[in-house]
Amino acid sequence: MKKFLYKTLTFITISISLICVSFIFTNFLINKNAKFKLGKVNNVIFGHSHSECAFNDSLINNFKNLSQSRQSYFYSYQKIKKVLLQNNDIENVFIEFTNNQINEVMNEWIWDDLSISSRSIYLPFLDKTDVNLLLNKNSKSFITGSSKSFRNNLINLLLFDYNYTDKMGGYHWLNRFKTDSLITTLVKDTLVFHEKKHPLSNKNIEYLEKIVTFCKDKNVNIYFVRSPQHIYTNARKNEKIFIKIKNEKFKNIILLDFNDFPLDNNEFGDFEHLNYRGAKKFSLWFDELLKNGLLSKNNKNKFIFNEMNKVRTHNNAYK
Amino acid sequence: MLFNSIDFAIFLLIVFFLYWFVANKNLKLQNFLIVVASYTFYGWWDWRFLSLILLSTVIDYSVGRKLLIEENVSKRKVLLWLSILANLGFLGFFKYYNFFLDNFVTAFLFFGTEIKANSLNIILPVGISFYTFQTLSYTIDVYKRKLEPTKDFIAFSAFVSFFPQLVAGPIERATNLLPQFYKKRTFDYTKAVDGLRQILWGLFKKIVIADNSANIANEIFNNSANYSGSTLVLGAIFFTFQIYGDFSGYSDIAIGTSRLFGFNLKQNFAFPYFSRDIGEFWRRWHISLSTWFRDYLYIPLGGSRGGTWMKVRNTFAIFLISGLWHGANWTFIVWGALNALYFLPLLLLKKNRTNTIVQGKYLPSIKEFFQIGLTFSLTVLAWIFFRAENIGHALSYLSTIFSKSLFTIPKFGLSRVYTLQVLIIISFFLIVEWRGRESQYALSKFGFNLNPYLRKSFYFLIILLITLFLGKEQQFIYFQF
C-alpha cells in the first residue's frame, strides 16, 4: 500500500506541476507575443452586438470596429488595454453605451458558462483581480475555459500565430430582416411598455469605469456611443435609470447618441441591430459626421441632432 | 455524482482510505462501508429513489431465502414470478408507463375510439434498468439452483448497490460478483495500479472523445435541417464515437474503481468498432447486457435450437427487447430491429459465430479492412435512430444523407479548427485502441515493452490531453437508461 500511495501521489504531483508550469508558461508567451496592431488608425470602437452590426468600418475613414457580440465591459477592458498599449496612433476610443449594458444580465455576460467558454481567448490577458472574480463566480467554467485557452495557446504557439486583432471582434455583416414580423407579433401581444425596475450589473459598470480611467491615463479621448435602435425596442424601458447612471458615474464623458437615427424597418435586422443595409447608410453618414468635425464641435449632440434631422428631411422628401 | 467530477474524486479518496485503513480488518465492516458509500453515491443524485433500491434488495433477498427452503416446484415458480413482477413492475412503471399509455391512446384513436388517459409526470430513477437486471439475475440463478442464496443481507445489499457499477453497469451476474463479497479482500499493488490505469483510459474516453464528439454531434443533430448530407454523415460518425467513448469510458472507470477495492468485474466492451461483422459487434458491445439477454431470454425462448423460423423469431425478440430496454421510444425499437436485420443474413448462413477480431497482426488485410469498414458503416446508420429525437427526425436525417448533398464538402457547425482537432484526437484514440485490442482495455499492456519513463510519459500525455480537452461536466448517456 505504501508503495502504491507513494508512486501514485508522486506521479499525480509531477503531472499536475508540469501541467501548471506549461499553462503558466504558454500564457506568459502569448501575453508577451500577442499582436494587436491596427495600422494607422486613430479611431476605434468597442462594444457588443449593437455597435458590431452598426459600424461598417470599411466605409468609415480611419476607423476600426473591434466590437463583439455578447461582450461585456469586462472583456472589452482586456482588449482595450492591449490595443492601446500597442497602437500609439489611437486618439479616440468609442465605447458602445446603451440601455442593456447596465442591466443585471451583464453579470452573465461576464461569468456564465457561455461567456467564459467563448471568451477563453482573453484568459491569458487577465490580471489577478479579474481571475479571482471569475474563479469566485464560476470556478467550474473558469477551469474548463482555462483548458480551452491552454489548447488554443499551444496551437497558436506551434503555428507561430500571434495575430489577435482579427480574433477579437470586428464589423458583423448582418443579413437579417426580422423587424416587420417582430412588429406584427408586438402589436398582437404587448403594445404598451411598462416602466420596470431593473437590477443593475454593478460589475459591468465598474469595468466601464476601469476602461474610462485607463483611457484617461493613456491620454486617449473616450466617447460613449449609443447605436441606432428601433422605436419599438424594449431595451429602452430602463431609459430613466440609464440616464441617471450616465449622469452620476460618467458625468464627464460625452454620449454620442444615435439612438434615433432615422432608418426604415428593412434597414434593421431586428429592434436592436442594424442589418447590412442600415449599417451601410449609418456608417456612410457617420463617416461624413467625422469628416465634418464632429469631435471638435462644442455641442456634439446638437450637431448630431441637426444632422439626423437633415437625413429625416431627405428621407421624407423621397417618400 | 458523476465519475468525471471533482465530487467523485473526493468521494473516491475518502471511501478508499476508510476501506483500506479503517475497515480493512473486518470483512463485514468493509461490506457495510460499501453499502453506505453506494447509497451516498446514489443519494447524491436523488435520495428519494434509494427506497426503490432498498425495496428491490429486500424483495430479492427474501425470495432467495424462501427459495432455499422451498422444494415445491409450483411454489418456487410463484416466488420467482413474485420477484420478476416486482422488479419489472418498478421498471415498467417508472420507465414505460407513459410510453405504453400514449401508444394505447394512439392505437385506439386509429380505430376510431377516443379514450382519455392522463400521462404522469414521472422522473426516471437513474440506473433502474441496470440494477433491476442485476438483482433479477440473482433470483433466476437461485431459482435454477445455479447459485446458493446468500444469508448475508449486507453482502447482498452491497452486491445490488455496488457504487462503481450501480448506475450504468456493467450488469454483473450474482455468480461472479456476490461471492467476492464473502471473501476477504487484501490490497494488491498490481491490481490497484491496473485499476488506476483503466480509470485514466476511461476518463480519456469520456472527457476527450465522448464529450468533444458530443459538442459536434449535438450541433449537427439538433440543426439537421440546415446541413447537407455529407455533414449529417459526419454528425452520425461523431455520435458513433460519442456513444462508444461515453459508455465504454463509464465501464472502464467502473471496472478500474472496483479493482481499487479488490473486485473483478467482467469486461463490458471489447473494441466493438473493429468487428468484421454484426455478430462479432454484438459479442463485443455492451457484453454484460448481450449475455444477460442471451442467458435469461434467448436460451429460455429456445435459442438457436429448433427451426429457422424459431431462430429468426428469437433473434428479433432479443434485439427488439434490447432496443426497448434502452428507452421508451420507437427510435430504440427501430434501432433494435435494424440490428436484427443486419444479423439475419449471418444467422441464416450460419456465420454468426465464426468471426473473431483480427489477432496477432499489425494491420488488417484489405479484405478485413473492408469488412471492418462495412460493419462500422452499418453501425453508424443504426446509431442515427438511436440518437434521433423521434422516427420522423431519423427518417428526415436519412433522407438528407441519401440525397445529392451527400457529395458536397461537409460544413462544420462549430469551428473548423475545433472539428479538425477532435478528428485528430479520434485518430490517436483509434491507433491506441487498435494496438491494445487483444487486452481487456487498450492501455492494459500498452507500452509495456517501453522504458518505464517513456511509458509514464505516455500516461502523462493522456492526462495532458484530458486537461486540454476538458469541457463542461456532461452526464453519461446511459444514465437515462
# chains A, B, ... in the order shown; residues from 1 in each chain; ligands from 1
>>> residues_around(residues="Glu96 of chain A", least_positions_apart="3", cutoff="8 Å", atoms="only C-alpha atoms", output="PyMOL selection string")
chain A and resi 45-48+50-51+224-227
>>> closest_atom_pairs(of="chain A", to="chain B", cutoff="8 Å", atoms="only C-alpha atoms", output="tab-separated table")
residue	atom	partner	partner_atom	distance
A:Met1	CA	B:Tyr189	CA	6.7
A:Lys3	CA	B:Tyr189	CA	7.9
A:Phe4	CA	B:Tyr189	CA	6.2
A:Ser15	CA	B:Phe460	CA	6.3
A:Ile19	CA	B:Leu464	CA	6.9
A:Lys140	CA	B:Lys472	CA	7.7
A:Ser141	CA	B:Lys472	CA	7.0
A:Thr144	CA	B:Gly471	CA	5.2
A:Gly145	CA	B:Gly471	CA	7.8
A:Ser147	CA	B:Leu468	CA	5.0
A:Lys148	CA	B:Leu468	CA	6.3
A:Phe150	CA	B:Leu468	CA	6.4
A:Arg151	CA	B:Leu468	CA	5.2
>>> residues_around(residues="Ala254 of chain B", least_positions_apart="4", cutoff="8 Å", atoms="only C-alpha atoms", output="PyMOL selection string")
chain B and resi 164-165+169-170+199+250+258
>>> residues_around(residues="Cys53 of chain A", least_positions_apart="3", cutoff="6 Å", atoms="only C-alpha atoms", output="list of chain:residue names")
A:Ser49, A:His50, A:Tyr171, A:His172, A:Leu274
